[in-house]
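> Sharing model_23.tsv (TSV, C-alpha atoms) below.
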```tsv
chain	number	residue	atom	x	y	z
Q	577	MET	CA	-18.91	2.06	-37.62
Q	578	SER	CA	-22.03	0.32	-38.89
Q	579	ASP	CA	-25.54	1.74	-38.63
Q	580	ARG	CA	-26.67	-1.35	-36.72
Q	581	LEU	CA	-25.63	-0.29	-33.23
Q	582	TYR	CA	-27.54	-1.80	-30.31
Q	583	ILE	CA	-27.37	0.30	-27.13
Q	584	VAL	CA	-28.28	-0.94	-23.65
Q	585	ASP	CA	-29.46	1.97	-21.46
Q	586	LEU	CA	-29.83	1.25	-17.74
Q	587	ASP	CA	-30.42	3.64	-14.86
Q	588	GLY	CA	-30.21	6.59	-17.23
Q	589	MET	CA	-26.78	5.74	-18.61
Q	590	GLU	CA	-25.57	3.88	-21.68
Q	591	GLN	CA	-24.31	0.64	-20.18
Q	592	SER	CA	-23.05	-1.09	-23.31
Q	593	ALA	CA	-23.06	-0.88	-27.10
Q	594	VAL	CA	-22.97	-3.71	-29.62
Q	595	ASP	CA	-22.04	-3.28	-33.26
Q	596	LEU	CA	-24.22	-5.98	-34.80
Q	597	ASP	CA	-22.12	-6.00	-37.99
Q	598	ASP	CA	-18.71	-6.09	-36.29
Q	599	PRO	CA	-18.38	-7.55	-32.77
Q	600	THR	CA	-14.71	-6.52	-32.70
Q	601	ASN	CA	-15.76	-2.86	-32.74
Q	602	LEU	CA	-15.79	-1.98	-29.06
Q	603	VAL	CA	-17.55	1.38	-29.01
Q	604	PHE	CA	-16.91	2.46	-25.43
Q	605	ASP	CA	-13.33	3.42	-24.64
Q	606	TYR	CA	-13.05	1.38	-21.43
Q	607	MET	CA	-14.21	-1.73	-23.27
Q	608	ARG	CA	-11.63	-1.08	-25.97
Q	609	ARG	CA	-8.96	-0.99	-23.23
Q	610	ILE	CA	-10.17	-4.31	-21.82
Q	611	GLY	CA	-10.07	-5.64	-25.38
Q	612	ASP	CA	-6.45	-4.51	-25.60
Q	613	LEU	CA	-5.69	-6.39	-22.38
Q	614	LEU	CA	-7.29	-9.56	-23.77
Q	615	ASP	CA	-5.39	-9.16	-27.04
Q	616	GLY	CA	-2.15	-8.97	-25.08
Q	617	MET	CA	-2.61	-12.43	-23.61
Q	618	SER	CA	-0.55	-14.90	-25.71
Q	619	PRO	CA	-0.54	-12.48	-28.68
Q	620	ALA	CA	1.86	-14.50	-30.85
Q	621	ARG	CA	-0.54	-17.45	-31.01
Q	622	PRO	CA	-3.97	-16.25	-29.84
Q	623	ALA	CA	-5.51	-19.24	-28.14
Q	624	PRO	CA	-9.02	-19.80	-26.81
Q	625	LEU	CA	-9.63	-18.29	-23.40
Q	626	ARG	CA	-11.86	-19.28	-20.51
Q	627	VAL	CA	-13.51	-16.08	-19.37
Q	628	LEU	CA	-15.92	-15.34	-16.55
Q	629	HIS	CA	-17.92	-12.14	-17.04
Q	630	VAL	CA	-19.52	-10.73	-13.89
Q	631	GLY	CA	-22.18	-8.53	-15.45
Q	632	GLY	CA	-23.47	-8.98	-18.97
Q	633	GLY	CA	-25.38	-6.00	-20.35
Q	634	GLY	CA	-25.36	-6.26	-24.14
Q	635	MET	CA	-22.54	-8.81	-23.87
Q	636	SER	CA	-20.14	-6.72	-25.93
Q	637	LEU	CA	-17.00	-8.25	-24.45
Q	638	PRO	CA	-18.19	-11.89	-24.66
Q	639	ARG	CA	-18.96	-11.28	-28.34
Q	640	TYR	CA	-15.51	-9.75	-28.80
Q	641	VAL	CA	-13.77	-12.76	-27.27
Q	642	ALA	CA	-15.89	-15.16	-29.35
Q	643	ALA	CA	-14.92	-13.28	-32.53
Q	644	THR	CA	-11.20	-12.83	-31.81
Q	645	ARG	CA	-10.57	-16.15	-30.07
Q	646	PRO	CA	-12.83	-18.83	-31.52
Q	647	ARG	CA	-13.54	-21.89	-29.36
Q	648	SER	CA	-13.27	-19.83	-26.18
Q	649	SER	CA	-15.47	-20.94	-23.30
Q	650	GLN	CA	-17.26	-18.08	-21.55
Q	651	ILE	CA	-19.66	-17.73	-18.63
Q	652	VAL	CA	-21.74	-14.59	-18.14
Q	653	LEU	CA	-23.33	-13.90	-14.73
Q	654	GLU	CA	-26.21	-11.44	-15.23
Q	655	PRO	CA	-29.06	-11.28	-12.69
Q	656	ASP	CA	-31.41	-9.18	-14.85
Q	657	VAL	CA	-33.28	-11.96	-16.65
Q	658	GLU	CA	-35.52	-9.46	-18.44
Q	659	LEU	CA	-32.44	-7.77	-19.88
Q	660	ILE	CA	-31.06	-11.14	-20.97
Q	661	ALA	CA	-34.30	-11.91	-22.80
Q	662	GLU	CA	-34.36	-8.51	-24.49
Q	663	VAL	CA	-30.73	-8.78	-25.61
Q	664	ARG	CA	-31.33	-12.28	-26.98
Q	665	ALA	CA	-34.34	-10.96	-28.93
Q	666	GLN	CA	-32.85	-7.69	-30.21
Q	667	ALA	CA	-29.17	-8.64	-30.56
Q	668	PRO	CA	-28.93	-12.47	-30.59
Q	669	LEU	CA	-25.63	-14.08	-29.72
Q	670	PRO	CA	-23.92	-15.84	-32.64
Q	671	ALA	CA	-24.57	-19.54	-33.02
Q	672	ARG	CA	-22.04	-21.84	-31.31
Q	673	SER	CA	-20.42	-18.82	-29.64
Q	674	GLY	CA	-19.35	-20.73	-26.52
Q	675	ILE	CA	-21.09	-18.08	-24.39
Q	676	ARG	CA	-23.22	-19.43	-21.54
Q	677	VAL	CA	-25.43	-16.89	-19.77
Q	678	ARG	CA	-26.59	-17.58	-16.21
Q	679	GLY	CA	-29.40	-15.49	-14.72
Q	680	VAL	CA	-27.72	-15.01	-11.37
Q	681	ASP	CA	-25.86	-12.25	-9.54
Q	682	GLY	CA	-22.08	-12.24	-9.43
Q	683	ALA	CA	-21.63	-12.86	-5.70
Q	684	SER	CA	-23.71	-16.04	-5.70
Q	685	GLY	CA	-22.99	-17.10	-9.27
Q	686	ILE	CA	-19.23	-17.22	-8.81
Q	687	LEU	CA	-19.70	-19.84	-6.09
Q	688	GLY	CA	-20.79	-22.28	-8.80
Q	689	VAL	CA	-17.66	-21.77	-10.92
Q	690	ALA	CA	-15.02	-24.46	-10.61
Q	691	ASP	CA	-11.66	-23.88	-8.94
Q	692	ALA	CA	-8.77	-22.80	-11.21
Q	693	SER	CA	-11.03	-22.88	-14.27
Q	694	GLN	CA	-10.79	-19.35	-15.70
Q	695	ASN	CA	-8.03	-17.48	-17.51
Q	696	VAL	CA	-9.79	-14.14	-17.03
Q	697	VAL	CA	-12.44	-12.71	-14.72
Q	698	ILE	CA	-14.02	-9.44	-15.89
Q	699	LEU	CA	-16.08	-7.42	-13.41
Q	700	ASP	CA	-18.36	-4.99	-15.25
Q	701	ALA	CA	-21.54	-4.95	-13.20
Q	702	PHE	CA	-23.61	-2.00	-12.05
Q	703	GLU	CA	-26.66	-1.29	-9.94
Q	704	HIS	CA	-27.95	2.29	-9.95
Q	705	GLY	CA	-24.71	3.42	-11.54
Q	706	GLU	CA	-22.42	1.80	-8.96
Q	707	VAL	CA	-20.65	-1.54	-8.68
Q	708	PRO	CA	-22.74	-3.59	-6.22
Q	709	GLU	CA	-21.17	-3.47	-2.75
Q	710	GLU	CA	-20.97	-7.26	-2.46
Q	711	LEU	CA	-18.63	-7.32	-5.48
Q	712	MET	CA	-16.18	-4.93	-3.81
Q	713	THR	CA	-15.35	-7.10	-0.81
Q	714	ALA	CA	-12.48	-9.29	0.32
Q	715	GLY	CA	-14.82	-12.29	0.14
Q	716	PHE	CA	-15.60	-11.72	-3.52
Q	717	LEU	CA	-11.93	-11.21	-4.39
Q	718	GLU	CA	-11.16	-14.50	-2.63
Q	719	GLN	CA	-13.64	-16.18	-4.94
Q	720	VAL	CA	-12.01	-14.51	-7.95
Q	721	GLN	CA	-8.65	-15.84	-6.84
Q	722	ARG	CA	-10.16	-19.29	-6.37
Q	723	VAL	CA	-11.58	-19.56	-9.90
Q	724	LEU	CA	-8.55	-18.12	-11.71
Q	725	VAL	CA	-5.79	-20.32	-13.05
Q	726	GLY	CA	-2.29	-19.66	-11.76
Q	727	ARG	CA	-1.46	-17.18	-14.52
Q	728	GLY	CA	-4.94	-15.66	-14.62
Q	729	VAL	CA	-5.99	-12.02	-14.85
Q	730	PHE	CA	-8.73	-10.08	-13.07
Q	731	VAL	CA	-9.93	-6.76	-14.48
Q	732	ALA	CA	-12.66	-4.57	-13.00
Q	733	ASN	CA	-14.44	-1.51	-14.34
Q	734	VAL	CA	-15.19	1.00	-11.60
Q	735	VAL	CA	-16.95	4.33	-12.19
Q	736	ASP	CA	-15.31	6.80	-9.83
Q	737	GLN	CA	-13.87	10.27	-9.43
Q	738	ARG	CA	-11.25	11.94	-7.27
Q	739	PRO	CA	-10.34	11.08	-4.56
Q	740	PHE	CA	-11.12	7.61	-6.06
Q	741	THR	CA	-12.58	6.09	-2.91
Q	742	HIS	CA	-13.90	2.99	-4.68
Q	743	VAL	CA	-10.76	2.46	-6.74
Q	744	ARG	CA	-8.54	2.76	-3.67
Q	745	SER	CA	-10.61	0.15	-1.87
Q	746	LEU	CA	-10.45	-2.28	-4.79
Q	747	VAL	CA	-6.72	-1.76	-5.34
Q	748	GLY	CA	-6.11	-2.60	-1.69
Q	749	LEU	CA	-8.15	-5.79	-1.96
Q	750	ALA	CA	-6.66	-6.81	-5.30
Q	751	ARG	CA	-3.01	-6.76	-4.22
Q	752	GLY	CA	-3.29	-10.39	-3.15
Q	753	LEU	CA	-3.88	-11.42	-6.76
Q	754	GLY	CA	-0.54	-10.07	-8.00
Q	755	ALA	CA	0.74	-6.97	-9.78
Q	756	VAL	CA	-1.85	-4.20	-10.09
Q	757	VAL	CA	-2.25	-1.87	-13.08
Q	758	VAL	CA	-4.77	0.98	-13.16
Q	759	GLY	CA	-6.00	2.82	-16.25
Q	760	ALA	CA	-8.23	5.87	-16.71
Q	761	GLU	CA	-9.02	8.51	-19.31
Q	762	ALA	CA	-6.94	11.62	-18.76
Q	763	ALA	CA	-9.94	13.80	-17.81
Q	764	THR	CA	-10.95	11.34	-15.09
Q	765	ALA	CA	-7.37	10.92	-13.87
Q	766	LYS	CA	-7.04	14.71	-13.54
Q	767	GLY	CA	-10.26	14.94	-11.56
Q	768	ARG	CA	-12.18	16.86	-14.22
Q	769	ARG	CA	-15.05	14.39	-14.36
Q	770	ARG	CA	-16.37	11.08	-13.11
Q	771	GLY	CA	-15.48	8.19	-15.39
Q	772	ASN	CA	-14.47	4.59	-15.92
Q	773	VAL	CA	-11.35	3.42	-14.09
Q	774	LEU	CA	-9.94	-0.03	-14.84
Q	775	VAL	CA	-8.15	-2.06	-12.17
Q	776	ALA	CA	-6.25	-5.09	-13.53
Q	777	CYS	CA	-4.20	-7.55	-11.53
Q	778	GLY	CA	-2.53	-10.93	-11.75
Q	779	ALA	CA	-0.46	-12.01	-14.76
Q	780	VAL	CA	-1.27	-8.73	-16.50
Q	781	PRO	CA	0.16	-8.43	-20.04
Q	782	TRP	CA	2.19	-5.40	-21.08
Q	783	PRO	CA	1.25	-3.02	-22.52
Q	784	THR	CA	-1.90	-3.65	-20.50
Q	785	PHE	CA	-4.33	-1.25	-22.12
Q	786	GLY	CA	-2.77	-0.86	-25.54
Q	787	THR	CA	-0.48	2.04	-26.40
Q	788	PRO	CA	-2.62	5.18	-26.08
Q	789	SER	CA	-1.14	8.63	-25.77
Q	790	PRO	CA	-0.69	9.75	-22.14
Q	791	MET	CA	-2.67	12.82	-23.17
Q	792	ASP	CA	-5.68	10.56	-23.78
Q	793	TYR	CA	-5.24	7.75	-21.29
Q	794	ARG	CA	-3.23	7.34	-18.09
Q	795	VAL	CA	-1.76	4.00	-17.04
Q	796	TYR	CA	-0.42	3.50	-13.51
Q	797	THR	CA	1.97	0.67	-12.65
Q	798	GLY	CA	4.28	-0.28	-9.79
Q	799	ARG	CA	5.04	2.58	-7.42
Q	800	THR	CA	2.70	4.99	-9.23
Q	801	VAL	CA	-0.26	2.79	-8.22
Q	802	ALA	CA	0.75	3.11	-4.56
Q	803	ASP	CA	1.46	6.83	-4.86
Q	804	THR	CA	-1.81	7.63	-6.61
Q	805	PHE	CA	-4.24	5.17	-5.07
Q	806	GLY	CA	-2.69	4.61	-1.65
Q	807	ALA	CA	-2.05	0.89	-1.92
```
Do you think you could lay out the structure here as structure tokens?


Amino acid sequence: MSDRLYIVDLDGMEQSAVDLDDPTNLVFDYMRRIGDLLDGMSPARPAPLRVLHVGGGGMSLPRYVAATRPRSSQIVLEPDVELIAEVRAQAPLPARSGIRVRGVDGASGILGVADASQNVVILDAFEHGEVPEELMTAGFLEQVQRVLVGRGVFVANVVDQRPFTHVRSLVGLARGLGAVVVGAEAATAKGRRRGNVLVACGAVPWPTFGTPSPMDYRVYTGRTVADTFGA
């Protein structure tokens, strides 16, 4: 890891981390798992992707996509315009990155995204440590389905803990988008601590979140999703 690490701290928690020397170095584990998911899409011939990011932070994942899949077209919806300005000043995006940042919240910003225009929608937005309520609704998921191409993928980062109230709600809503896969660090899955839980659905690649040891990371598919998260 380089010494040039830019950390975004919001609401008393580290929201994102950017390695200014290596954008492919995803410091936070949940971001690394989303990176694994993205890598699994057309891995034989990695092609440019069209990605909608709901929530920007330090824009770690947009930078990752730009570095690993050149010529990708990406939209970032981030309502905190002061944060956008600070990130641009302290950790500028690479030139000709294909990343377009819109200073708008996810619920209203997604309305301006064209139908069937995105390969991936990534929800990684927080307000006071929680995903905003308007992004955990049937209406928002309908918009996600609208903007995704037929073989698209939706992945959301939810901070939760047992009994996983928020994850259960999202899993129930997401079933209409296709197969659902859930991933969590083992300590969170066992109820030892609150943590990041990923919910992916649609044309989800396999392995979805890389090939971690079950001792480190738990992946739920098929019946185990229903058994564990009641959907």

> Set the distance at 12 Å and use only C-alpha atoms: which residues neighbour Q:Ala642 once local chain neighbours fewer than 4 positions away are removed? I'd like the list as a PDB file with C-alpha atoms, in the coordinates of the input.


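As written to disk, result-v3.pdb reads:
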```pdb
ATOM      1  CA  ASP Q 598     -18.710  -6.090 -36.290  1.00  0.00           C
ATOM      2  CA  PRO Q 599     -18.380  -7.550 -32.770  1.00  0.00           C
ATOM      3  CA  THR Q 600     -14.710  -6.520 -32.700  1.00  0.00           C
ATOM      4  CA  GLY Q 611     -10.070  -5.640 -25.380  1.00  0.00           C
ATOM      5  CA  LEU Q 614      -7.290  -9.560 -23.770  1.00  0.00           C
ATOM      6  CA  PRO Q 622      -3.970 -16.250 -29.840  1.00  0.00           C
ATOM      7  CA  ALA Q 623      -5.510 -19.240 -28.140  1.00  0.00           C
ATOM      8  CA  PRO Q 624      -9.020 -19.800 -26.810  1.00  0.00           C
ATOM      9  CA  LEU Q 625      -9.630 -18.290 -23.400  1.00  0.00           C
ATOM     10  CA  ARG Q 626     -11.860 -19.280 -20.510  1.00  0.00           C
ATOM     11  CA  VAL Q 627     -13.510 -16.080 -19.370  1.00  0.00           C
ATOM     12  CA  MET Q 635     -22.540  -8.810 -23.870  1.00  0.00           C
ATOM     13  CA  SER Q 636     -20.140  -6.720 -25.930  1.00  0.00           C
ATOM     14  CA  LEU Q 637     -17.000  -8.250 -24.450  1.00  0.00           C
ATOM     15  CA  PRO Q 638     -18.190 -11.890 -24.660  1.00  0.00           C
ATOM     16  CA  PRO Q 646     -12.830 -18.830 -31.520  1.00  0.00           C
ATOM     17  CA  ARG Q 647     -13.540 -21.890 -29.360  1.00  0.00           C
ATOM     18  CA  SER Q 648     -13.270 -19.830 -26.180  1.00  0.00           C
ATOM     19  CA  SER Q 649     -15.470 -20.940 -23.300  1.00  0.00           C
ATOM     20  CA  GLN Q 650     -17.260 -18.080 -21.550  1.00  0.00           C
ATOM     21  CA  ILE Q 651     -19.660 -17.730 -18.630  1.00  0.00           C
ATOM     22  CA  LEU Q 669     -25.630 -14.080 -29.720  1.00  0.00           C
ATOM     23  CA  PRO Q 670     -23.920 -15.840 -32.640  1.00  0.00           C
ATOM     24  CA  ALA Q 671     -24.570 -19.540 -33.020  1.00  0.00           C
ATOM     25  CA  ARG Q 672     -22.040 -21.840 -31.310  1.00  0.00           C
ATOM     26  CA  SER Q 673     -20.420 -18.820 -29.640  1.00  0.00           C
ATOM     27  CA  GLY Q 674     -19.350 -20.730 -26.520  1.00  0.00           C
ATOM     28  CA  ILE Q 675     -21.090 -18.080 -24.390  1.00  0.00           C
ATOM     29  CA  ARG Q 676     -23.220 -19.430 -21.540  1.00  0.00           C
TER      30      ARG Q 676
END
```

> Could you jot down the atom CA of Q:Gly748 to atom CA of Q:Val780 separation for me, Å, one decimal place?

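Spanning atom CA of Q:Gly748 to atom CA of Q:Val780 is a straight-line distance of 16.7 Å.
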
> If we count only C-alpha atoms, what is near Q:Thr784 at a cut-off of 12 Å, once residues fewer than 4 positions away on the same chain are taken out, given as a ChimeraX atom specification?

/Q:608-617,729-731,755-759,774-780,788,793-797

> Quick check, in Å to one decimal: how far apart do atom CA of Q:Glu662 and atom CA of Q:His629 lie?

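About the pair atom CA of Q:Glu662 and atom CA of Q:His629: they are 18.4 Å apart.
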
> What gap, in Å, lies between atom CA of Q:Leu653 and atom CA of Q:Phe740?

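Atom CA of Q:Phe740 lies 26.2 Å from atom CA of Q:Leu653.
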
> Taking all atoms listed in the file into account, name the residue in Q:Val707, Q:Tyr582, Q:Asp792, Q:Leu602 that is nearest to Q:Val641.

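Checking each of Q:Val707, Q:Tyr582, Q:Asp792, Q:Leu602 against Q:Val641, counting all atoms listed in the file, the winner is Q:Leu602.
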
> Find the axis-aligned box for stretch 754-763 of chain Q, covering all its listed atoms and adding 3 Å on each side, and write its centre and edge lengths in Å to one decimal as JSON.


```
{"center_x": -4.6, "center_y": 1.9, "center_z": -13.7, "size_x": 16.7, "size_y": 29.9, "size_z": 17.3}
```

> Which residues are near Q:Arg768? Cut-off 10 Å, all atoms listed in the file, ignore same chain within fewer than 5 positions. Put them as a VMD selection string.

chain Q and resid 737 to 738 762 to 763

> Show me, as a list in words, the residues that have an atom within 12 Å of Q:Pro739 when counting all atoms listed in the file, minus same-chain residues fewer than 2 positions from it.

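Near Q:Pro739, the qualifying residues are Asp736, Gln737, Thr741, His742, Val743, Arg744, Ser745, Thr764, Ala765, Lys766, Gly767, Arg768, Arg769, Arg770, Thr804, Phe805 and Gly806 of chain Q.
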
> Looking at all atoms listed in the file, which of Q:Ala643, Q:Leu586, Q:Ala665, Q:Ala714 is the one that sits closest to Q:Phe702?

Q:Leu586

> So, counting all atoms listed in the file, which residue among Q:Val801, Q:Ala760, Q:Leu724, Q:Leu711 is closest to Q:Ala692?

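Smallest separation from Q:Ala692 among the options: Q:Leu724.
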
> Taking only C-alpha atoms into account, name the residue in Q:Val630, Q:Asn733, Q:Pro668, Q:Pro619 that is nearest to Q:Asp597.

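Ranking Q:Val630, Q:Asn733, Q:Pro668, Q:Pro619 by distance to Q:Asp597, first place goes to Q:Pro668.
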
> Any chance you could build stretch 734-745 of chain Q out to all heavy atoms and write it as a PDB file, in the coordinates of the input?


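Generated file (rebuild.pdb):
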```pdb
ATOM      1  N   VAL Q 734     -14.599   0.250 -12.708  1.00  0.00           N
ATOM      2  CA  VAL Q 734     -15.190   1.000 -11.600  1.00  0.00           C
ATOM      3  C   VAL Q 734     -15.441   2.428 -12.064  1.00  0.00           C
ATOM      4  O   VAL Q 734     -14.533   3.073 -12.598  1.00  0.00           O
ATOM      5  CB  VAL Q 734     -14.243   1.016 -10.375  1.00  0.00           C
ATOM      6  CG1 VAL Q 734     -14.882   1.765  -9.210  1.00  0.00           C
ATOM      7  CG2 VAL Q 734     -13.861  -0.401  -9.971  1.00  0.00           C
ATOM      8  N   VAL Q 735     -16.664   2.921 -11.894  1.00  0.00           N
ATOM      9  CA  VAL Q 735     -16.950   4.330 -12.190  1.00  0.00           C
ATOM     10  C   VAL Q 735     -16.673   5.126 -10.924  1.00  0.00           C
ATOM     11  O   VAL Q 735     -17.268   4.884  -9.876  1.00  0.00           O
ATOM     12  CB  VAL Q 735     -18.410   4.509 -12.653  1.00  0.00           C
ATOM     13  CG1 VAL Q 735     -18.722   5.997 -12.844  1.00  0.00           C
ATOM     14  CG2 VAL Q 735     -18.649   3.756 -13.954  1.00  0.00           C
ATOM     15  N   ASP Q 736     -15.760   6.083 -11.031  1.00  0.00           N
ATOM     16  CA  ASP Q 736     -15.310   6.800  -9.830  1.00  0.00           C
ATOM     17  C   ASP Q 736     -14.809   8.177 -10.220  1.00  0.00           C
ATOM     18  O   ASP Q 736     -14.724   8.524 -11.412  1.00  0.00           O
ATOM     19  CB  ASP Q 736     -14.205   5.991  -9.147  1.00  0.00           C
ATOM     20  CG  ASP Q 736     -14.114   6.231  -7.642  1.00  0.00           C
ATOM     21  OD1 ASP Q 736     -14.799   7.141  -7.148  1.00  0.00           O
ATOM     22  OD2 ASP Q 736     -13.344   5.524  -6.969  1.00  0.00           O
ATOM     23  N   GLN Q 737     -14.470   8.954  -9.232  1.00  0.00           N
ATOM     24  CA  GLN Q 737     -13.870  10.270  -9.430  1.00  0.00           C
ATOM     25  C   GLN Q 737     -12.987  10.579  -8.236  1.00  0.00           C
ATOM     26  O   GLN Q 737     -13.071   9.902  -7.211  1.00  0.00           O
ATOM     27  CB  GLN Q 737     -14.942  11.347  -9.579  1.00  0.00           C
ATOM     28  CG  GLN Q 737     -15.848  11.498  -8.374  1.00  0.00           C
ATOM     29  CD  GLN Q 737     -17.006  12.435  -8.609  1.00  0.00           C
ATOM     30  OE1 GLN Q 737     -17.323  12.767  -9.743  1.00  0.00           O
ATOM     31  NE2 GLN Q 737     -17.652  12.851  -7.534  1.00  0.00           N
ATOM     32  N   ARG Q 738     -12.121  11.568  -8.400  1.00  0.00           N
ATOM     33  CA  ARG Q 738     -11.250  11.940  -7.270  1.00  0.00           C
ATOM     34  C   ARG Q 738     -12.079  12.220  -6.033  1.00  0.00           C
ATOM     35  O   ARG Q 738     -13.125  12.856  -6.139  1.00  0.00           O
ATOM     36  CB  ARG Q 738     -10.402  13.174  -7.636  1.00  0.00           C
ATOM     37  CG  ARG Q 738      -9.242  12.839  -8.560  1.00  0.00           C
ATOM     38  CD  ARG Q 738      -8.310  14.029  -8.703  1.00  0.00           C
ATOM     39  NE  ARG Q 738      -7.177  13.728  -9.538  1.00  0.00           N
ATOM     40  CZ  ARG Q 738      -6.056  13.149  -9.115  1.00  0.00           C
ATOM     41  NH1 ARG Q 738      -5.935  12.814  -7.850  1.00  0.00           N
ATOM     42  NH2 ARG Q 738      -5.063  12.906  -9.939  1.00  0.00           N
ATOM     43  N   PRO Q 739     -11.634  11.703  -4.875  1.00  0.00           N
ATOM     44  CA  PRO Q 739     -10.340  11.080  -4.560  1.00  0.00           C
ATOM     45  C   PRO Q 739     -10.294   9.566  -4.783  1.00  0.00           C
ATOM     46  O   PRO Q 739      -9.482   8.882  -4.178  1.00  0.00           O
ATOM     47  CB  PRO Q 739     -10.168  11.403  -3.077  1.00  0.00           C
ATOM     48  CG  PRO Q 739     -11.570  11.378  -2.544  1.00  0.00           C
ATOM     49  CD  PRO Q 739     -12.414  11.968  -3.645  1.00  0.00           C
ATOM     50  N   PHE Q 740     -11.144   9.028  -5.651  1.00  0.00           N
ATOM     51  CA  PHE Q 740     -11.120   7.610  -6.060  1.00  0.00           C
ATOM     52  C   PHE Q 740     -11.298   6.654  -4.876  1.00  0.00           C
ATOM     53  O   PHE Q 740     -10.543   5.700  -4.706  1.00  0.00           O
ATOM     54  CB  PHE Q 740      -9.835   7.294  -6.817  1.00  0.00           C
ATOM     55  CG  PHE Q 740      -9.654   8.114  -8.060  1.00  0.00           C
ATOM     56  CD1 PHE Q 740      -8.601   9.006  -8.189  1.00  0.00           C
ATOM     57  CD2 PHE Q 740     -10.546   7.995  -9.121  1.00  0.00           C
ATOM     58  CE1 PHE Q 740      -8.439   9.768  -9.344  1.00  0.00           C
ATOM     59  CE2 PHE Q 740     -10.398   8.756 -10.275  1.00  0.00           C
ATOM     60  CZ  PHE Q 740      -9.338   9.653 -10.387  1.00  0.00           C
ATOM     61  N   THR Q 741     -12.322   6.913  -4.089  1.00  0.00           N
ATOM     62  CA  THR Q 741     -12.580   6.090  -2.910  1.00  0.00           C
ATOM     63  C   THR Q 741     -12.783   4.619  -3.281  1.00  0.00           C
ATOM     64  O   THR Q 741     -12.230   3.713  -2.645  1.00  0.00           O
ATOM     65  CB  THR Q 741     -13.822   6.605  -2.163  1.00  0.00           C
ATOM     66  OG1 THR Q 741     -13.611   7.979  -1.828  1.00  0.00           O
ATOM     67  CG2 THR Q 741     -14.067   5.796  -0.897  1.00  0.00           C
ATOM     68  N   HIS Q 742     -13.597   4.366  -4.302  1.00  0.00           N
ATOM     69  CA  HIS Q 742     -13.900   2.990  -4.680  1.00  0.00           C
ATOM     70  C   HIS Q 742     -12.679   2.298  -5.298  1.00  0.00           C
ATOM     71  O   HIS Q 742     -12.421   1.120  -5.026  1.00  0.00           O
ATOM     72  CB  HIS Q 742     -15.065   2.957  -5.669  1.00  0.00           C
ATOM     73  CG  HIS Q 742     -16.328   3.550  -5.123  1.00  0.00           C
ATOM     74  ND1 HIS Q 742     -16.924   3.093  -3.972  1.00  0.00           N
ATOM     75  CD2 HIS Q 742     -17.104   4.570  -5.575  1.00  0.00           C
ATOM     76  CE1 HIS Q 742     -18.014   3.799  -3.727  1.00  0.00           C
ATOM     77  NE2 HIS Q 742     -18.145   4.708  -4.681  1.00  0.00           N
ATOM     78  N   VAL Q 743     -11.951   3.033  -6.118  1.00  0.00           N
ATOM     79  CA  VAL Q 743     -10.760   2.460  -6.740  1.00  0.00           C
ATOM     80  C   VAL Q 743      -9.717   2.119  -5.685  1.00  0.00           C
ATOM     81  O   VAL Q 743      -9.110   1.043  -5.712  1.00  0.00           O
ATOM     82  CB  VAL Q 743     -10.168   3.421  -7.793  1.00  0.00           C
ATOM     83  CG1 VAL Q 743      -8.840   2.874  -8.331  1.00  0.00           C
ATOM     84  CG2 VAL Q 743     -11.147   3.627  -8.943  1.00  0.00           C
ATOM     85  N   ARG Q 744      -9.510   3.014  -4.731  1.00  0.00           N
ATOM     86  CA  ARG Q 744      -8.540   2.760  -3.670  1.00  0.00           C
ATOM     87  C   ARG Q 744      -8.894   1.492  -2.896  1.00  0.00           C
ATOM     88  O   ARG Q 744      -8.023   0.673  -2.579  1.00  0.00           O
ATOM     89  CB  ARG Q 744      -8.481   3.956  -2.703  1.00  0.00           C
ATOM     90  CG  ARG Q 744      -7.853   5.201  -3.289  1.00  0.00           C
ATOM     91  CD  ARG Q 744      -7.953   6.382  -2.322  1.00  0.00           C
ATOM     92  NE  ARG Q 744      -7.444   7.595  -2.912  1.00  0.00           N
ATOM     93  CZ  ARG Q 744      -6.163   7.972  -2.891  1.00  0.00           C
ATOM     94  NH1 ARG Q 744      -5.279   7.192  -2.265  1.00  0.00           N
ATOM     95  NH2 ARG Q 744      -5.769   9.083  -3.451  1.00  0.00           N
ATOM     96  N   SER Q 745     -10.172   1.336  -2.596  1.00  0.00           N
ATOM     97  CA  SER Q 745     -10.610   0.150  -1.870  1.00  0.00           C
ATOM     98  C   SER Q 745     -10.322  -1.116  -2.667  1.00  0.00           C
ATOM     99  O   SER Q 745      -9.786  -2.094  -2.127  1.00  0.00           O
ATOM    100  CB  SER Q 745     -12.107   0.257  -1.567  1.00  0.00           C
ATOM    101  OG  SER Q 745     -12.587  -0.926  -0.970  1.00  0.00           O
TER     102      SER Q 745
END
```
